[in-house]
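target-v7.csv, holding CSV, C-alpha atoms and all ligand atoms:
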chain,number,residue,atom,x,y,z
D,27,MET,CA,55.7,-185.1,82.4
D,28,ALA,CA,55.6,-181.4,82.6
D,29,GLU,CA,58.9,-179.9,83.9
D,30,HIS,CA,59.3,-176.3,85.0
D,31,VAL,CA,62.4,-174.6,86.5
D,32,TYR,CA,62.2,-171.6,88.7
D,33,LYS,CA,65.1,-169.6,90.1
D,34,THR,CA,65.0,-167.8,93.4
D,35,SER,CA,67.7,-165.5,94.9
D,36,SER,CA,66.4,-165.2,98.4
D,37,PRO,CA,64.2,-167.0,101.0
D,38,GLU,CA,61.5,-164.4,100.3
D,39,GLU,CA,61.4,-165.4,96.7
D,40,THR,CA,61.1,-169.1,97.6
D,41,ILE,CA,58.3,-168.2,100.0
D,42,ARG,CA,56.6,-166.4,97.2
D,43,LEU,CA,57.0,-169.5,94.9
D,44,GLY,CA,55.4,-171.6,97.7
D,45,GLN,CA,52.5,-169.2,97.8
D,46,ASN,CA,52.0,-169.4,94.1
D,47,LEU,CA,52.2,-173.2,94.3
D,48,ALA,CA,49.4,-173.1,96.8
D,49,ARG,CA,47.0,-171.6,94.3
D,50,THR,CA,47.3,-174.6,92.1
D,51,LEU,CA,46.3,-177.1,94.8
D,52,ASN,CA,42.8,-178.3,95.6
D,53,GLY,CA,43.3,-181.2,98.0
D,54,GLY,CA,44.6,-184.7,97.5
D,55,GLU,CA,48.0,-183.6,96.1
D,56,ILE,CA,51.2,-185.2,97.2
D,57,ILE,CA,54.3,-183.1,96.8
D,58,CYS,CA,57.7,-184.8,97.1
D,59,LEU,CA,60.4,-182.3,98.0
D,60,TYR,CA,64.0,-183.2,97.4
D,61,GLY,CA,67.3,-181.4,98.2
D,62,ASP,CA,70.2,-181.4,100.5
D,63,LEU,CA,70.1,-180.1,104.0
D,64,GLY,CA,69.9,-176.3,103.8
D,65,ALA,CA,68.6,-176.3,100.3
D,66,GLY,CA,65.4,-174.5,101.3
D,67,LYS,CA,62.8,-177.3,101.5
D,68,THR,CA,61.3,-176.0,104.8
D,69,VAL,CA,61.4,-172.4,103.4
D,70,LEU,CA,59.3,-173.6,100.5
D,71,ALA,CA,57.0,-175.4,102.9
D,72,LYS,CA,56.5,-172.2,104.9
D,73,GLY,CA,55.5,-170.4,101.7
D,74,LEU,CA,53.0,-173.1,100.8
D,75,GLY,CA,51.6,-172.8,104.4
D,76,VAL,CA,51.2,-169.0,103.9
D,77,GLY,CA,49.5,-169.6,100.6
D,78,LEU,CA,47.1,-172.1,102.1
D,79,GLY,CA,46.2,-169.7,104.9
D,80,VAL,CA,47.8,-171.7,107.7
D,81,LYS,CA,47.9,-169.4,110.7
D,82,GLN,CA,50.5,-171.3,112.8
D,83,GLU,CA,54.1,-170.9,111.8
D,84,ILE,CA,55.4,-173.9,109.8
D,85,THR,CA,58.5,-175.3,111.5
D,86,SER,CA,60.7,-178.2,110.7
D,87,PRO,CA,58.8,-181.2,111.9
D,88,THR,CA,62.0,-183.2,112.5
D,89,PHE,CA,61.0,-184.6,115.9
D,90,THR,CA,57.4,-185.3,115.2
D,91,LEU,CA,57.9,-186.3,111.5
D,92,ILE,CA,54.4,-185.4,110.7
D,93,GLN,CA,52.6,-182.1,111.4
D,94,GLU,CA,49.1,-181.3,110.4
D,95,TYR,CA,47.8,-177.8,110.0
D,96,PRO,CA,44.3,-176.4,109.4
D,97,THR,CA,44.1,-174.2,106.3
D,98,SER,CA,41.7,-171.4,105.3
D,99,ASN,CA,39.6,-174.1,103.6
D,100,GLU,CA,38.1,-175.9,106.5
D,101,LYS,CA,37.8,-179.1,104.4
D,102,ILE,CA,41.5,-179.3,103.6
D,103,ALA,CA,44.5,-179.9,106.0
D,104,PHE,CA,48.1,-179.1,105.2
D,105,VAL,CA,50.3,-182.1,106.2
D,106,HIS,CA,54.0,-181.4,106.4
D,107,MET,CA,56.3,-184.4,106.7
D,108,ASP,CA,60.0,-184.6,107.2
D,109,LEU,CA,61.2,-188.2,106.9
D,110,TYR,CA,64.9,-187.4,107.3
D,111,ARG,CA,65.1,-189.5,110.5
D,112,LEU,CA,63.3,-192.6,109.2
D,113,GLN,CA,65.7,-195.6,108.9
D,114,HIS,CA,63.4,-198.2,107.4
D,115,PRO,CA,60.3,-197.9,105.1
D,116,GLU,CA,58.3,-200.0,107.6
D,117,GLU,CA,58.5,-197.1,110.1
D,118,ALA,CA,56.5,-195.0,107.7
D,119,GLU,CA,53.7,-197.5,108.0
D,120,ILE,CA,53.9,-197.3,111.8
D,121,ILE,CA,53.6,-193.6,111.9
D,122,GLY,CA,50.8,-193.7,109.3
D,123,VAL,CA,52.3,-191.8,106.5
D,124,THR,CA,49.9,-193.2,103.9
D,125,ASP,CA,46.9,-192.4,106.0
D,126,TYR,CA,47.3,-188.8,104.8
D,127,PHE,CA,47.1,-189.6,101.1
D,128,ARG,CA,43.5,-188.5,100.9
D,129,ASP,CA,41.5,-185.9,99.1
D,130,ASP,CA,41.1,-183.7,102.1
D,131,CYS,CA,44.9,-183.4,102.7
D,132,ILE,CA,47.6,-181.6,100.8
D,133,CYS,CA,50.8,-183.5,101.7
D,134,LEU,CA,54.3,-182.0,101.4
D,135,ILE,CA,57.1,-184.5,102.1
D,136,GLU,CA,60.7,-183.6,102.8
D,137,TRP,CA,63.1,-186.5,102.3
D,138,PRO,CA,60.5,-188.8,100.6
D,139,GLU,CA,63.1,-191.1,99.1
D,140,ILE,CA,62.7,-193.8,101.8
D,141,ILE,CA,59.0,-194.3,101.1
D,142,SER,CA,58.9,-193.7,97.4
D,143,ASP,CA,57.4,-197.1,96.8
D,144,PHE,CA,54.4,-196.1,98.9
D,145,ILE,CA,53.7,-192.8,97.2
D,146,PRO,CA,51.2,-192.8,94.4
D,147,ASN,CA,52.5,-191.9,90.9
D,148,ASP,CA,50.2,-188.9,90.7
D,149,ARG,CA,52.4,-186.5,92.5
D,150,ILE,CA,54.3,-183.3,92.2
D,151,GLU,CA,58.1,-183.7,92.5
D,152,ILE,CA,60.2,-180.7,93.4
D,153,VAL,CA,64.0,-180.7,93.5
D,154,ILE,CA,65.8,-177.8,95.0
D,155,GLN,CA,69.4,-177.3,93.9
D,156,GLY,CA,71.8,-174.8,95.5
D,157,SER,CA,72.7,-173.9,99.1
D,158,GLY,CA,74.1,-171.2,101.3
D,159,GLU,CA,73.6,-167.8,99.7
D,160,LEU,CA,73.6,-169.2,96.2
D,161,GLN,CA,70.7,-168.8,93.9
D,162,ARG,CA,68.3,-171.8,94.0
D,163,SER,CA,67.0,-173.8,91.0
D,164,ILE,CA,63.7,-175.2,91.9
D,165,ILE,CA,62.6,-177.9,89.5
D,166,PHE,CA,59.0,-179.0,89.3
D,167,ASN,CA,57.9,-182.2,87.6
D,168,THR,CA,54.4,-183.6,87.6
D,169,ASN,CA,52.3,-186.0,85.7
D,170,TYR,CA,49.1,-184.3,87.0
D,171,SER,CA,48.6,-182.5,83.7
D,172,GLU,CA,50.6,-181.5,80.7
D,173,ASP,CA,50.3,-177.8,81.1
D,174,TYR,CA,50.8,-177.6,84.9
D,175,GLU,CA,52.5,-174.4,85.7
D,176,ILE,CA,53.0,-172.1,88.7
D,177,SER,CA,52.5,-168.5,88.0
D,178,ASN,CA,55.6,-166.4,88.4
D,179,ASP,CA,54.3,-163.2,89.9
D,201,LIG,N1,66.8,-168.7,97.5
D,201,LIG,C1,66.7,-169.2,98.7
D,201,LIG,N2,65.6,-170.0,99.0
D,201,LIG,C2,65.4,-170.7,100.2
D,201,LIG,N3,66.3,-170.6,101.2
D,201,LIG,C3,67.4,-169.8,101.0
D,201,LIG,C4,67.6,-169.1,99.8
D,201,LIG,N4,68.8,-168.4,100.0
D,201,LIG,C5,69.2,-168.6,101.2
D,201,LIG,N5,68.4,-169.5,101.9
D,201,LIG,C6,68.6,-170.0,103.2
D,201,LIG,O1,68.9,-171.4,103.2
D,201,LIG,C7,68.3,-172.0,104.4
D,201,LIG,C8,67.3,-173.1,103.9
D,201,LIG,O2,67.0,-173.8,105.1
D,201,LIG,P1,65.8,-174.9,105.2
D,201,LIG,O3,64.6,-174.4,104.4
D,201,LIG,O4,65.6,-175.2,106.6
D,201,LIG,O5,66.5,-176.1,104.4
D,201,LIG,P2,66.1,-177.6,104.3
D,201,LIG,O6,64.7,-177.7,104.8
D,201,LIG,O7,66.1,-177.9,102.8
D,201,LIG,O8,67.1,-178.4,105.0
D,201,LIG,C9,67.7,-170.9,105.2
D,201,LIG,O9,68.6,-170.5,106.2
D,201,LIG,C10,67.4,-169.8,104.2
D,201,LIG,O10,67.5,-168.5,104.8
D,202,MG,MG,63.8,-179.0,106.3

The structure in this file should be written as structure tokens.
Ligand SMILES: Nc1ncnc2c1ncn2[C@@H]1O[C@H](COP(=O)(O)OP(=O)(O)O)[C@@H](O)[C@H]1O
Ligand SMILES: [Mg+2]
Amino acid sequence: MAEHVYKTSSPEETIRLGQNLARTLNGGEIICLYGDLGAGKTVLAKGLGVGLGVKQEITSPTFTLIQEYPTSNEKIAFVHMDLYRLQHPEEAEIIGVTDYFRDDCICLIEWPEIISDFIPNDRIEIVIQGSGELQRSIIFNTNYSEDYEISND
């Protein structure tokens, strides 16, 4: 497991981190994003969308649960999920969550806890701590590779 902690002091810095994260992704990655309401999960998702060249604005997919966006790489889609409203793991099957775990999708999952049994072990886990105007600690863990690291520029 490689763990890295990043600190951000504004939404703009979290967007930037998301953009830098995008540069490490090739397709097929599953990113589990944890943190309380208001932590900044959707802000990070927006930054990832920018970094992947998504033209549409990334919004919170609370009502649709799953939103798929084309990226600047025509072979790769960005799939943003928000499972906050799921009550039972079986619902994830009904809405087809696991159908997106494919090499031509980059999946970012807010509130993945309820389906953690269905998520492959090769994943990037990100925990965001902090809320309100406080600085955020954004903790990355992955077993993809020992030296996985996001550039900090
Ligand atoms: N460093 C920071 N990173 C991300 N968001 C921040 C930061 N500081 C303040 N915020 C604010 O916190 C809120 C995060 O909202 P959102 O991303 O929707 O949270 P979540 O998706 O985790 O529920 C936004 O209003 C954002 O402007
Ligand atoms: Mg959100």

Per residue of region 60-105 of chain D within 10 Å of region 136-155 of chain D, record the nearest atom pair and its distance in Å to one decimal, counting all atoms listed in the file, with rows in chain order and ascending residue number, as CSV.
residue,atom,partner,partner_atom,distance
D:Tyr60,CA,D:Val153,CA,4.6
D:Gly61,CA,D:Ile154,CA,5.0
D:Asp62,CA,D:Gln155,CA,7.8
D:Leu63,CA,D:Trp137,CA,9.6
D:Gly64,CA,D:Ile154,CA,9.8
D:Ala65,CA,D:Ile154,CA,6.2
D:Gly66,CA,D:Ile154,CA,7.1
D:Lys67,CA,D:Glu136,CA,6.8
D:Thr68,CA,D:Glu136,CA,7.9
D:Leu70,CA,D:Ile154,CA,9.5
D:Ala71,CA,D:Glu136,CA,9.0
D:Ser86,CA,D:Glu136,CA,9.6
D:Pro87,CA,D:Glu136,CA,9.6
D:Thr88,CA,D:Glu136,CA,9.8
D:Leu91,CA,D:Glu136,CA,9.5

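The residue that comes closest to ligand MG 202 (chain D), out of D:Leu74, D:Val105, D:Leu59, D:Ile121 and on the basis of all atoms listed in the file, is D:Leu59.
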
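Residue nearest ligand MG 202 (chain D), chosen from D:Lys72, D:Lys101, D:His114, D:Lys33 and counting all atoms listed in the file: D:Lys72.
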
Checklist entry - Using all atoms listed in the file, which residue out of D:Thr85, D:Thr40, D:Asn46, D:Ser171 lies closest to ligand MG 202 (chain D)? => result D:Thr85

Checklist outcome for this item: One decimal place gives the CA of Leu160 (chain D)-CA of Gln93 (chain D) separation as 29.0 Å

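A straight line drawn from atom O3 of ligand LIG 201 (chain D) to CA of Tyr95 (chain D) is 18.0 Å long.
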
Next on the checklist: Need to verify the contact set: Val80 (chain D), 7 Å, all atoms listed in the file, exclusion of same-chain residues closer than 6 positions in sequence. Can you return it as a ChimeraX atom specification?
Outcome noted: /D:95-98

Checklist outcome for this item: Here CA of Leu78 (chain D) and atom O3 of ligand LIG 201 (chain D) stand apart by 17.8 Å

Next on the checklist: Using only C-alpha atoms, can you tell me which of D:Ile164, D:Ile176, D:Leu134, D:Leu109 comes closest to Phe89 (chain D)?
Outcome noted: D:Leu109

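The residue that comes closest to ligand LIG 201 (chain D), out of D:Pro115, D:Gly156, D:Gly79, D:Gly54 and on the basis of only C-alpha atoms and all ligand atoms, is D:Gly156.
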
Considering only C-alpha atoms, return as a PDB file with C-alpha atoms, in the frame of the given file whatever protein or nucleic-acid residues lie within 6 Å of Phe104 (chain D), sequence-local ones (same chain, fewer than 4 positions apart) excluded.
ATOM      1  CA  GLU D  94      49.100-181.300 110.400  1.00  0.00           C
ATOM      2  CA  TYR D  95      47.800-177.800 110.000  1.00  0.00           C
ATOM      3  CA  CYS D 131      44.900-183.400 102.700  1.00  0.00           C
ATOM      4  CA  ILE D 132      47.600-181.600 100.800  1.00  0.00           C
TER       5      ILE D 132
END

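Using all atoms listed in the file, the smallest distance between any of D:Glu29, D:Gln82, D:Arg162, D:Arg128 and ligand LIG 201 (chain D) comes from D:Arg162.
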
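Near Phe127 (chain D), within 8 Å and counting all atoms listed in the file, sit Gly54, Glu55, Ile56, Val123, Thr124, Cys131 and Cys133 of chain D, not including residues fewer than 3 positions from it in the same chain.
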